[in-house]
file my_file.txt (compact mmCIF, C-alpha atoms)
# COMPACT_ATOMS: atom_id res chain seq x y z
CA MET Z 25 31.15 -64.46 -41.74
CA THR Z 26 34.73 -65.68 -41.35
CA GLU Z 27 35.08 -68.33 -38.65
CA ASN Z 28 36.98 -67.39 -35.52
CA ILE Z 29 40.64 -68.28 -36.20
CA ILE Z 30 41.12 -69.39 -32.59
CA TYR Z 31 38.24 -71.84 -32.82
CA THR Z 32 39.41 -73.06 -36.22
CA LYS Z 33 42.84 -73.88 -34.79
CA LEU Z 34 41.24 -75.59 -31.80
CA LYS Z 35 38.91 -77.68 -33.96
CA THR Z 36 41.80 -78.73 -36.19
CA ALA Z 37 43.70 -80.07 -33.18
CA TYR Z 38 40.56 -81.69 -31.75
CA ASN Z 39 39.60 -83.42 -35.00
CA ASP Z 40 43.12 -84.77 -35.40
CA LEU Z 41 43.28 -85.99 -31.80
CA VAL Z 42 39.96 -87.84 -31.79
CA LYS Z 43 41.00 -89.68 -34.97
CA LYS Z 44 44.02 -91.04 -33.09
CA ILE Z 45 42.67 -91.44 -29.54
CA ASP Z 46 39.39 -93.17 -28.63
CA PHE Z 47 38.81 -91.87 -25.10
CA LYS Z 48 36.28 -89.63 -23.38
CA PRO Z 49 37.72 -88.16 -20.16
CA GLU Z 50 35.66 -86.77 -17.30
CA LEU Z 51 38.66 -85.43 -15.40
CA ALA Z 52 41.66 -83.45 -16.64
CA ILE Z 53 44.94 -82.92 -14.78
CA THR Z 54 47.72 -80.52 -15.76
CA LEU Z 55 51.08 -81.36 -14.19
CA GLY Z 56 53.63 -78.63 -13.52
CA SER Z 57 57.42 -78.57 -13.38
CA GLY Z 58 58.87 -81.51 -11.46
CA LEU Z 59 55.42 -82.99 -10.79
CA GLY Z 60 55.17 -85.21 -13.86
CA LYS Z 61 55.68 -88.45 -11.92
CA LEU Z 62 51.95 -88.71 -11.30
CA ALA Z 63 51.56 -89.73 -14.93
CA ASP Z 64 54.24 -92.40 -14.44
CA VAL Z 65 52.42 -94.23 -11.62
CA VAL Z 66 49.08 -94.74 -13.39
CA ASP Z 67 48.23 -97.49 -15.88
CA VAL Z 68 48.67 -95.77 -19.22
CA GLU Z 69 45.87 -96.86 -21.54
CA GLN Z 70 46.67 -94.49 -24.38
CA GLU Z 71 49.12 -91.66 -24.89
CA ILE Z 72 50.03 -89.15 -27.54
CA SER Z 73 52.85 -86.62 -27.84
CA TYR Z 74 51.84 -83.02 -28.39
CA SER Z 75 54.03 -82.97 -31.49
CA ASP Z 76 51.80 -85.64 -33.07
CA ILE Z 77 48.65 -83.46 -32.87
CA GLU Z 78 48.07 -81.16 -35.82
CA GLY Z 79 48.37 -77.49 -34.92
CA PHE Z 80 49.12 -78.21 -31.27
CA PRO Z 81 51.64 -76.06 -29.35
CA VAL Z 82 54.63 -78.08 -28.17
CA SER Z 83 56.11 -77.81 -24.66
CA THR Z 84 59.83 -76.99 -24.55
CA ALA Z 85 60.25 -76.33 -20.81
CA PRO Z 86 62.76 -78.42 -18.83
CA GLY Z 87 61.13 -81.24 -16.88
CA HIS Z 88 58.06 -81.35 -19.15
CA LYS Z 89 57.58 -84.54 -21.20
CA GLY Z 90 55.03 -83.01 -23.54
CA ARG Z 91 52.33 -85.65 -23.89
CA PHE Z 92 48.73 -86.50 -23.05
CA VAL Z 93 48.27 -89.63 -20.96
CA PHE Z 94 44.87 -91.32 -20.88
CA THR Z 95 43.99 -93.53 -17.94
CA HIS Z 96 41.37 -94.39 -15.33
CA ILE Z 97 41.98 -93.23 -11.75
CA HIS Z 98 39.65 -94.79 -9.19
CA GLY Z 99 37.42 -95.67 -12.12
CA ILE Z 100 37.25 -92.09 -13.45
CA PRO Z 101 38.35 -91.65 -17.09
CA THR Z 102 41.17 -89.14 -16.88
CA VAL Z 103 43.41 -87.23 -19.25
CA ILE Z 104 46.74 -86.07 -17.82
CA MET Z 105 48.73 -83.29 -19.39
CA GLN Z 106 52.30 -84.30 -18.59
CA GLY Z 107 54.03 -81.03 -19.26
CA ARG Z 108 52.26 -77.80 -20.12
CA VAL Z 109 52.76 -75.05 -22.67
CA HIS Z 110 53.90 -71.66 -21.38
CA ARG Z 111 53.31 -68.16 -22.63
CA TYR Z 112 57.06 -67.49 -22.43
CA GLU Z 113 57.77 -70.16 -25.03
CA GLY Z 114 56.54 -67.68 -27.60
CA TYR Z 115 52.91 -68.74 -27.85
CA SER Z 116 49.98 -66.36 -27.63
CA ALA Z 117 47.73 -66.67 -24.59
CA SER Z 118 45.00 -68.24 -26.75
CA ASP Z 119 47.47 -70.85 -28.07
CA THR Z 120 48.76 -71.51 -24.55
CA VAL Z 121 45.30 -72.62 -23.42
CA ILE Z 122 44.59 -74.83 -26.44
CA PRO Z 123 45.46 -77.94 -24.36
CA THR Z 124 43.04 -76.90 -21.60
CA ARG Z 125 40.25 -76.18 -24.05
CA LEU Z 126 40.96 -79.40 -25.91
CA MET Z 127 40.59 -81.49 -22.75
CA GLY Z 128 37.29 -79.73 -22.09
CA MET Z 129 36.09 -80.39 -25.64
CA MET Z 130 36.93 -84.07 -25.19
CA GLY Z 131 34.51 -84.20 -22.27
CA ALA Z 132 36.41 -83.28 -19.09
CA LYS Z 133 34.19 -81.42 -16.63
CA THR Z 134 36.75 -81.02 -13.85
CA LEU Z 135 40.31 -79.67 -14.11
CA ILE Z 136 43.08 -80.05 -11.54
CA VAL Z 137 45.89 -77.59 -12.27
CA THR Z 138 49.26 -77.86 -10.56
CA ASN Z 139 52.46 -75.88 -10.74
CA ALA Z 140 55.80 -75.15 -9.18
CA ALA Z 141 55.72 -71.70 -7.60
CA GLY Z 142 57.87 -69.23 -5.74
CA GLY Z 143 56.72 -68.42 -2.23
CA VAL Z 144 56.00 -64.73 -1.63
CA ASN Z 145 54.30 -65.24 1.73
CA LYS Z 146 57.10 -65.27 4.30
CA ASN Z 147 55.24 -67.87 6.35
CA PHE Z 148 55.65 -70.40 3.52
CA SER Z 149 58.46 -72.98 3.39
CA ILE Z 150 59.99 -74.90 0.51
CA GLY Z 151 57.99 -78.10 0.05
CA ASP Z 152 54.68 -76.63 1.20
CA LEU Z 153 51.62 -77.22 -0.93
CA MET Z 154 49.44 -74.15 -1.49
CA ILE Z 155 45.81 -74.55 -2.43
CA ILE Z 156 45.07 -71.83 -4.95
CA ARG Z 157 42.03 -69.93 -3.71
CA ASP Z 158 42.26 -67.03 -6.19
CA HIS Z 159 44.64 -65.54 -8.72
CA LEU Z 160 45.90 -62.39 -10.42
CA THR Z 161 46.28 -62.35 -14.20
CA GLN Z 162 46.70 -58.65 -14.87
CA PHE Z 163 50.40 -59.03 -15.75
CA VAL Z 164 49.76 -61.42 -18.65
CA GLU Z 165 47.59 -61.36 -21.76
CA SER Z 166 44.12 -62.81 -21.27
CA PRO Z 167 43.36 -65.95 -23.30
CA LEU Z 168 39.85 -64.55 -23.83
CA MET Z 169 41.09 -61.50 -25.75
CA GLY Z 170 39.81 -61.14 -29.29
CA PRO Z 171 36.55 -62.44 -30.75
CA ASN Z 172 34.68 -64.60 -28.27
CA VAL Z 173 34.40 -68.30 -29.09
CA LYS Z 174 30.70 -68.64 -28.29
CA GLU Z 175 30.92 -72.42 -28.66
CA LEU Z 176 33.13 -72.43 -25.57
CA GLY Z 177 31.56 -69.81 -23.35
CA THR Z 178 30.03 -66.38 -22.87
CA ARG Z 179 31.70 -63.11 -23.84
CA PHE Z 180 31.96 -61.85 -20.25
CA PRO Z 181 32.42 -64.86 -17.96
CA ASP Z 182 32.07 -64.44 -14.21
CA MET Z 183 35.30 -65.07 -12.26
CA THR Z 184 33.94 -64.78 -8.71
CA GLU Z 185 35.00 -68.34 -7.92
CA VAL Z 186 37.50 -69.64 -10.45
CA TYR Z 187 38.72 -72.30 -8.02
CA ASN Z 188 35.86 -74.43 -6.74
CA LYS Z 189 35.54 -73.87 -2.98
CA GLU Z 190 34.14 -77.31 -2.21
CA TYR Z 191 37.01 -79.03 -4.01
CA SER Z 192 39.59 -76.74 -2.41
CA ASP Z 193 38.18 -77.39 1.06
CA THR Z 194 38.30 -81.14 0.43
CA ILE Z 195 41.95 -80.97 -0.64
CA GLU Z 196 42.84 -78.97 2.46
CA LYS Z 197 41.05 -81.45 4.73
CA LEU Z 198 42.78 -84.43 3.12
CA ALA Z 199 46.21 -82.77 3.31
CA LYS Z 200 45.81 -82.07 7.02
CA GLN Z 201 44.68 -85.64 7.64
CA LYS Z 202 47.84 -86.84 5.94
CA GLY Z 203 50.08 -84.45 7.86
CA ILE Z 204 51.09 -82.60 4.70
CA SER Z 205 52.16 -78.99 5.17
CA VAL Z 206 49.39 -77.15 3.33
CA GLN Z 207 48.74 -73.45 2.84
CA ASN Z 208 45.99 -71.43 1.19
CA GLY Z 209 46.67 -68.42 -0.95
CA VAL Z 210 46.50 -66.21 -4.00
CA TYR Z 211 48.62 -67.10 -7.01
CA CYS Z 212 49.94 -64.53 -9.48
CA GLN Z 213 51.01 -65.42 -13.01
CA PHE Z 214 53.86 -63.40 -14.47
CA SER Z 215 55.02 -63.77 -18.06
CA GLY Z 216 58.51 -65.22 -17.48
CA PRO Z 217 60.86 -66.69 -18.52
CA ALA Z 218 63.01 -64.54 -16.22
CA TYR Z 219 62.31 -64.96 -12.55
CA GLU Z 220 60.69 -61.97 -10.87
CA THR Z 221 62.81 -59.10 -9.61
CA PRO Z 222 62.79 -58.24 -5.87
CA ALA Z 223 60.72 -55.13 -6.70
CA GLU Z 224 58.14 -57.23 -8.56
CA VAL Z 225 57.92 -59.63 -5.63
CA ARG Z 226 57.42 -56.73 -3.21
CA MET Z 227 54.67 -55.41 -5.50
CA ALA Z 228 53.00 -58.83 -5.57
CA SER Z 229 53.13 -59.01 -1.79
CA ILE Z 230 51.50 -55.60 -1.47
CA LEU Z 231 48.72 -56.82 -3.79
CA GLY Z 232 48.03 -59.77 -1.51
CA VAL Z 233 49.83 -62.45 -3.52
CA ASP Z 234 51.17 -65.53 -1.73
CA ALA Z 235 52.92 -67.34 -4.59
CA VAL Z 236 54.15 -66.47 -8.08
CA GLY Z 237 54.80 -68.45 -11.23
CA MET Z 238 54.69 -68.47 -15.01
CA SER Z 239 51.60 -70.56 -15.78
CA THR Z 240 48.26 -71.86 -14.55
CA ALA Z 241 46.08 -68.77 -14.03
CA ILE Z 242 45.15 -68.23 -17.67
CA GLU Z 243 44.53 -71.97 -18.04
CA ALA Z 244 42.15 -71.83 -15.08
CA MET Z 245 40.48 -68.79 -16.65
CA ALA Z 246 39.96 -70.63 -19.94
CA ALA Z 247 38.54 -73.66 -18.13
CA LYS Z 248 36.17 -71.49 -16.11
CA HIS Z 249 35.07 -69.82 -19.36
CA MET Z 250 34.09 -73.30 -20.59
CA GLY Z 251 32.14 -74.07 -17.43
CA MET Z 252 34.64 -76.55 -16.01
CA LYS Z 253 35.12 -76.97 -12.25
CA VAL Z 254 38.69 -76.05 -11.36
CA CYS Z 255 40.94 -76.65 -8.38
CA GLY Z 256 44.60 -75.75 -8.15
CA ILE Z 257 47.65 -76.76 -6.13
CA SER Z 258 51.02 -74.99 -6.11
CA LEU Z 259 54.14 -76.67 -4.83
CA ILE Z 260 56.37 -74.06 -3.22
CA THR Z 261 59.69 -75.06 -4.76
CA ASN Z 262 61.63 -71.95 -3.80
CA LEU Z 263 61.29 -68.68 -1.98
CA ALA Z 264 60.80 -65.79 -4.40
CA THR Z 265 63.55 -63.34 -5.31
CA GLY Z 266 64.24 -60.86 -2.53
CA ILE Z 267 62.99 -63.36 0.06
CA SER Z 268 65.45 -66.09 -0.87
CA GLU Z 269 69.11 -65.29 -0.32
CA VAL Z 270 70.28 -67.54 -3.17
CA GLU Z 271 69.96 -67.20 -6.93
CA LEU Z 272 67.05 -69.10 -8.46
CA SER Z 273 67.51 -71.90 -10.98
CA GLU Z 274 65.30 -74.27 -12.95
CA GLN Z 275 67.18 -77.24 -11.47
CA GLU Z 276 66.16 -76.15 -7.98
CA VAL Z 277 62.51 -76.16 -9.08
CA ILE Z 278 62.74 -79.62 -10.68
CA GLU Z 279 64.51 -81.14 -7.65
CA ALA Z 280 61.95 -79.72 -5.23
CA GLY Z 281 59.19 -81.21 -7.36
CA GLU Z 282 60.84 -84.61 -7.32
CA ASN Z 283 61.27 -84.46 -3.54
CA ALA Z 284 57.58 -83.64 -3.10
CA SER Z 285 56.29 -86.10 -5.67
CA LYS Z 286 55.26 -88.84 -3.23
CA TYR Z 287 53.04 -86.77 -0.93
CA PHE Z 288 51.78 -84.70 -3.84
CA ILE Z 289 50.73 -87.83 -5.73
CA ASP Z 290 49.12 -89.35 -2.63
CA LEU Z 291 47.08 -86.20 -2.06
CA VAL Z 292 45.88 -85.87 -5.64
CA LEU Z 293 44.91 -89.56 -5.85
CA ASP Z 294 42.99 -89.35 -2.57
CA PHE Z 295 41.18 -86.24 -3.78
CA ILE Z 296 40.18 -87.94 -7.04
CA LYS Z 297 38.65 -90.75 -4.99
CA THR Z 298 36.18 -88.19 -3.55
CA LEU Z 299 34.98 -87.30 -7.05
CA LYS Z 300 33.44 -90.75 -7.67
call {"tool": "encode", "arguments": {"input": "my_file.txt", "output": "structure tokens"}}
result
Amino acid sequence: MTENIIYTKLKTAYNDLVKKIDFKPELAITLGSGLGKLADVVDVEQEISYSDIEGFPVSTAPGHKGRFVFTHIHGIPTVIMQGRVHRYEGYSASDTVIPTRLMGMMGAKTLIVTNAAGGVNKNFSIGDLMIIRDHLTQFVESPLMGPNVKELGTRFPDMTEVYNKEYSDTIEKLAKQKGISVQNGVYCQFSGPAYETPAEVRMASILGVDAVGMSTAIEAMAAKHMGMKVCGISLITNLATGISEVELSEQEVIEAGENASKYFIDLVLDFIKTLK
């Protein structure tokens, strides 16, 4: 029987990476637009650019460095994805989650996903952090489409609790202790790269969505498929189209991320301390 092409591509990247990097992470972190400074404040033990990994999709989005950083945070071996790959860059959904699956194959059991998102909930403000409690992925291709990779997970994985409740509750408690404006909500991934229309934002609101973006949900789905524990944080960098009275721009998103970097980094580092 012909081997699953998705798994073949994944193994090619994995085999190339482990020849170049001697590190076994327990924790994986994916950093979204404007949030990459977390990887700049840790002691970098090893690093590798995505472009140096055979068969690996390369990030082209503004504000994304496109590298894996390997470090220890509070003694926990950690791999940080500084810059992610997006579906809108022309990659299939299964290629888009290669980095997530690769971090899991290397040994990571927990994944922290972060992103910059547009606020749909009118009670949200720019600069708020939203703990992702659930998501909608029906507007993008599933990364689990096609032949199942049984080495990674079951054909029909349960998605009752994609985002670990215990971890999410801990993040919320820590944020409130620090005086950080924190929300809870449902995140919806759209395909991008165009920002959503006012009609699409109204639709999302009707469906119970609190924030929208162009990443994250299918990565969380792939991680859950592999049995990883997932928690997610969105930084509300702008109010979504139709709610905001100004045109949206990528620079606005990057600047909001930079402004939030200090309290975002403090929160993530404090949460990691609870994982010891």
call {"tool": "atom_distance", "arguments": {"input": "my_file.txt", "atom1": "atom CA of Thr161 of chain Z", "atom2": "atom CA of Ile204 of chain Z"}}
result
28.1 Å
call {"tool": "closest_atom_pairs", "arguments": {"input": "my_file.txt", "of": "segment 28-75 of chain Z", "to": "segment 124-136 of chain Z", "cutoff": "8 Å", "atoms": "all atoms listed in the file", "output": "CSV"}}
result
residue,atom,partner,partner_atom,distance
Z:Leu34,CA,Z:Leu126,CA,7.0
Z:Ala37,CA,Z:Leu126,CA,7.8
Z:Tyr38,CA,Z:Leu126,CA,6.3
Z:Lys48,CA,Z:Gly131,CA,5.8
Z:Pro49,CA,Z:Ala132,CA,5.2
Z:Glu50,CA,Z:Ala132,CA,4.0
Z:Leu51,CA,Z:Ala132,CA,4.8
Z:Ala52,CA,Z:Leu135,CA,4.7
Z:Ile53,CA,Z:Ile136,CA,4.7
Z:Thr54,CA,Z:Ile136,CA,6.3
call {"tool": "closest_residue", "arguments": {"input": "my_file.txt", "among": "Z:Arg226, Z:Lys33, Z:Lys61, Z:Lys300", "to": "Asp119 of chain Z", "atoms": "only C-alpha atoms"}}
result
Z:Lys33
call {"tool": "residues_around", "arguments": {"input": "my_file.txt", "residues": "Gln162 of chain Z", "least_positions_apart": "2", "cutoff": "12 Å", "atoms": "all atoms listed in the file", "output": "ChimeraX atom specification"}}
result
/Z:159-160,164-167,211-215,228,231,241-242
call {"tool": "atom_distance", "arguments": {"input": "my_file.txt", "atom1": "atom CA of Asp294 of chain Z", "atom2": "atom CA of Tyr191 of chain Z"}}
result
12.0 Å
call {"tool": "closest_residue", "arguments": {"input": "my_file.txt", "among": "Z:Gly232, Z:Ala264, Z:Ile45, Z:Ser57", "to": "Glu71 of chain Z", "atoms": "all atoms listed in the file"}}
result
Z:Ile45
call {"tool": "closest_residue", "arguments": {"input": "my_file.txt", "among": "Z:Val236, Z:Ala218, Z:Leu299, Z:Ile72", "to": "Lys43 of chain Z", "atoms": "all atoms listed in the file"}}
result
Z:Ile72
call {"tool": "residues_around", "arguments": {"input": "my_file.txt", "residues": "Leu59 of chain Z", "least_positions_apart": "5", "cutoff": "9 Å", "atoms": "only C-alpha atoms", "output": "PyMOL selection string"}}
result
chain Z and resi 87-88+106-107+138-140+259+278+281-282+284-285+288-289
call {"tool": "write_last_selection", "arguments": {"input": "my_file.txt", "atoms": "C-alpha atoms", "output": "compact mmCIF listing (two decimals), keeping the file's coordinate frame"}}
result
# COMPACT_ATOMS: atom_id res chain seq x y z
CA GLY Z 87 61.13 -81.24 -16.88
CA HIS Z 88 58.06 -81.35 -19.15
CA GLN Z 106 52.30 -84.30 -18.59
CA GLY Z 107 54.03 -81.03 -19.26
CA THR Z 138 49.26 -77.86 -10.56
CA ASN Z 139 52.46 -75.88 -10.74
CA ALA Z 140 55.80 -75.15 -9.18
CA LEU Z 259 54.14 -76.67 -4.83
CA ILE Z 278 62.74 -79.62 -10.68
CA GLY Z 281 59.19 -81.21 -7.36
CA GLU Z 282 60.84 -84.61 -7.32
CA ALA Z 284 57.58 -83.64 -3.10
CA SER Z 285 56.29 -86.10 -5.67
CA PHE Z 288 51.78 -84.70 -3.84
CA ILE Z 289 50.73 -87.83 -5.73
call {"tool": "residues_around", "arguments": {"input": "my_file.txt", "residues": "segment 169-185 of chain Z", "least_positions_apart": "5", "cutoff": "8 Å", "atoms": "all atoms listed in the file", "output": "list in words"}}
result
Asn28, Ile30, Tyr31, Ser118, Asp158, Met245, Lys248, His249, Met250 and Gly251 of chain Z
call {"tool": "residues_around", "arguments": {"input": "my_file.txt", "residues": "Val68 of chain Z", "least_positions_apart": "3", "cutoff": "8 Å", "atoms": "only C-alpha atoms", "output": "list in words"}}
result
Ala63, Glu71, Val93, Phe94 and Thr95 of chain Z
call {"tool": "closest_residue", "arguments": {"input": "my_file.txt", "among": "Z:Thr298, Z:Ser239, Z:Asn283, Z:Gln207", "to": "Gly56 of chain Z", "atoms": "only C-alpha atoms"}}
result
Z:Ser239
call {"tool": "atom_distance", "arguments": {"input": "my_file.txt", "atom1": "atom CA of Leu263 of chain Z", "atom2": "atom CA of Val137 of chain Z"}}
result
20.6 Å
call {"tool": "closest_residue", "arguments": {"input": "my_file.txt", "among": "Z:Ile77, Z:Gly256, Z:Gly60, Z:Thr261", "to": "Lys44 of chain Z", "atoms": "only C-alpha atoms"}}
result
Z:Ile77
call {"tool": "closest_residue", "arguments": {"input": "my_file.txt", "among": "Z:Val254, Z:Leu168, Z:Leu41, Z:Val186", "to": "Phe80 of chain Z", "atoms": "only C-alpha atoms"}}
result
Z:Leu41
call {"tool": "residues_around", "arguments": {"input": "my_file.txt", "residues": "Pro217 of chain Z", "least_positions_apart": "6", "cutoff": "10 Å", "atoms": "all atoms listed in the file", "output": "list of chain:residue names"}}
result
Z:Ala85, Z:His110, Z:Arg111, Z:Tyr112, Z:Glu113, Z:Gly237, Z:Met238
call {"tool": "residues_near_point", "arguments": {"input": "my_file.txt", "point": "(40.6, -80.9, 4.3)", "cutoff": "12 Å", "atoms": "all atoms listed in the file", "output": "number ranges by chain"}}
result
Z: 155, 189-208, 291, 294-295, 298
call {"tool": "write_last_selection", "arguments": {"input": "my_file.txt", "atoms": "C-alpha atoms", "output": "short mmCIF file (atom, residue, chain, number, x, y, z; two decimals), in the coordinates of the input"}}
result
data_model
loop_
_atom_site.label_atom_id
_atom_site.label_comp_id
_atom_site.auth_asym_id
_atom_site.auth_seq_id
_atom_site.Cartn_x
_atom_site.Cartn_y
_atom_site.Cartn_z
CA ILE Z 155 45.81 -74.55 -2.43
CA LYS Z 189 35.54 -73.87 -2.98
CA GLU Z 190 34.14 -77.31 -2.21
CA TYR Z 191 37.01 -79.03 -4.01
CA SER Z 192 39.59 -76.74 -2.41
CA ASP Z 193 38.18 -77.39 1.06
CA THR Z 194 38.30 -81.14 0.43
CA ILE Z 195 41.95 -80.97 -0.64
CA GLU Z 196 42.84 -78.97 2.46
CA LYS Z 197 41.05 -81.45 4.73
CA LEU Z 198 42.78 -84.43 3.12
CA ALA Z 199 46.21 -82.77 3.31
CA LYS Z 200 45.81 -82.07 7.02
CA GLN Z 201 44.68 -85.64 7.64
CA LYS Z 202 47.84 -86.84 5.94
CA GLY Z 203 50.08 -84.45 7.86
CA ILE Z 204 51.09 -82.60 4.70
CA SER Z 205 52.16 -78.99 5.17
CA VAL Z 206 49.39 -77.15 3.33
CA GLN Z 207 48.74 -73.45 2.84
CA ASN Z 208 45.99 -71.43 1.19
CA LEU Z 291 47.08 -86.20 -2.06
CA ASP Z 294 42.99 -89.35 -2.57
CA PHE Z 295 41.18 -86.24 -3.78
CA THR Z 298 36.18 -88.19 -3.55
#
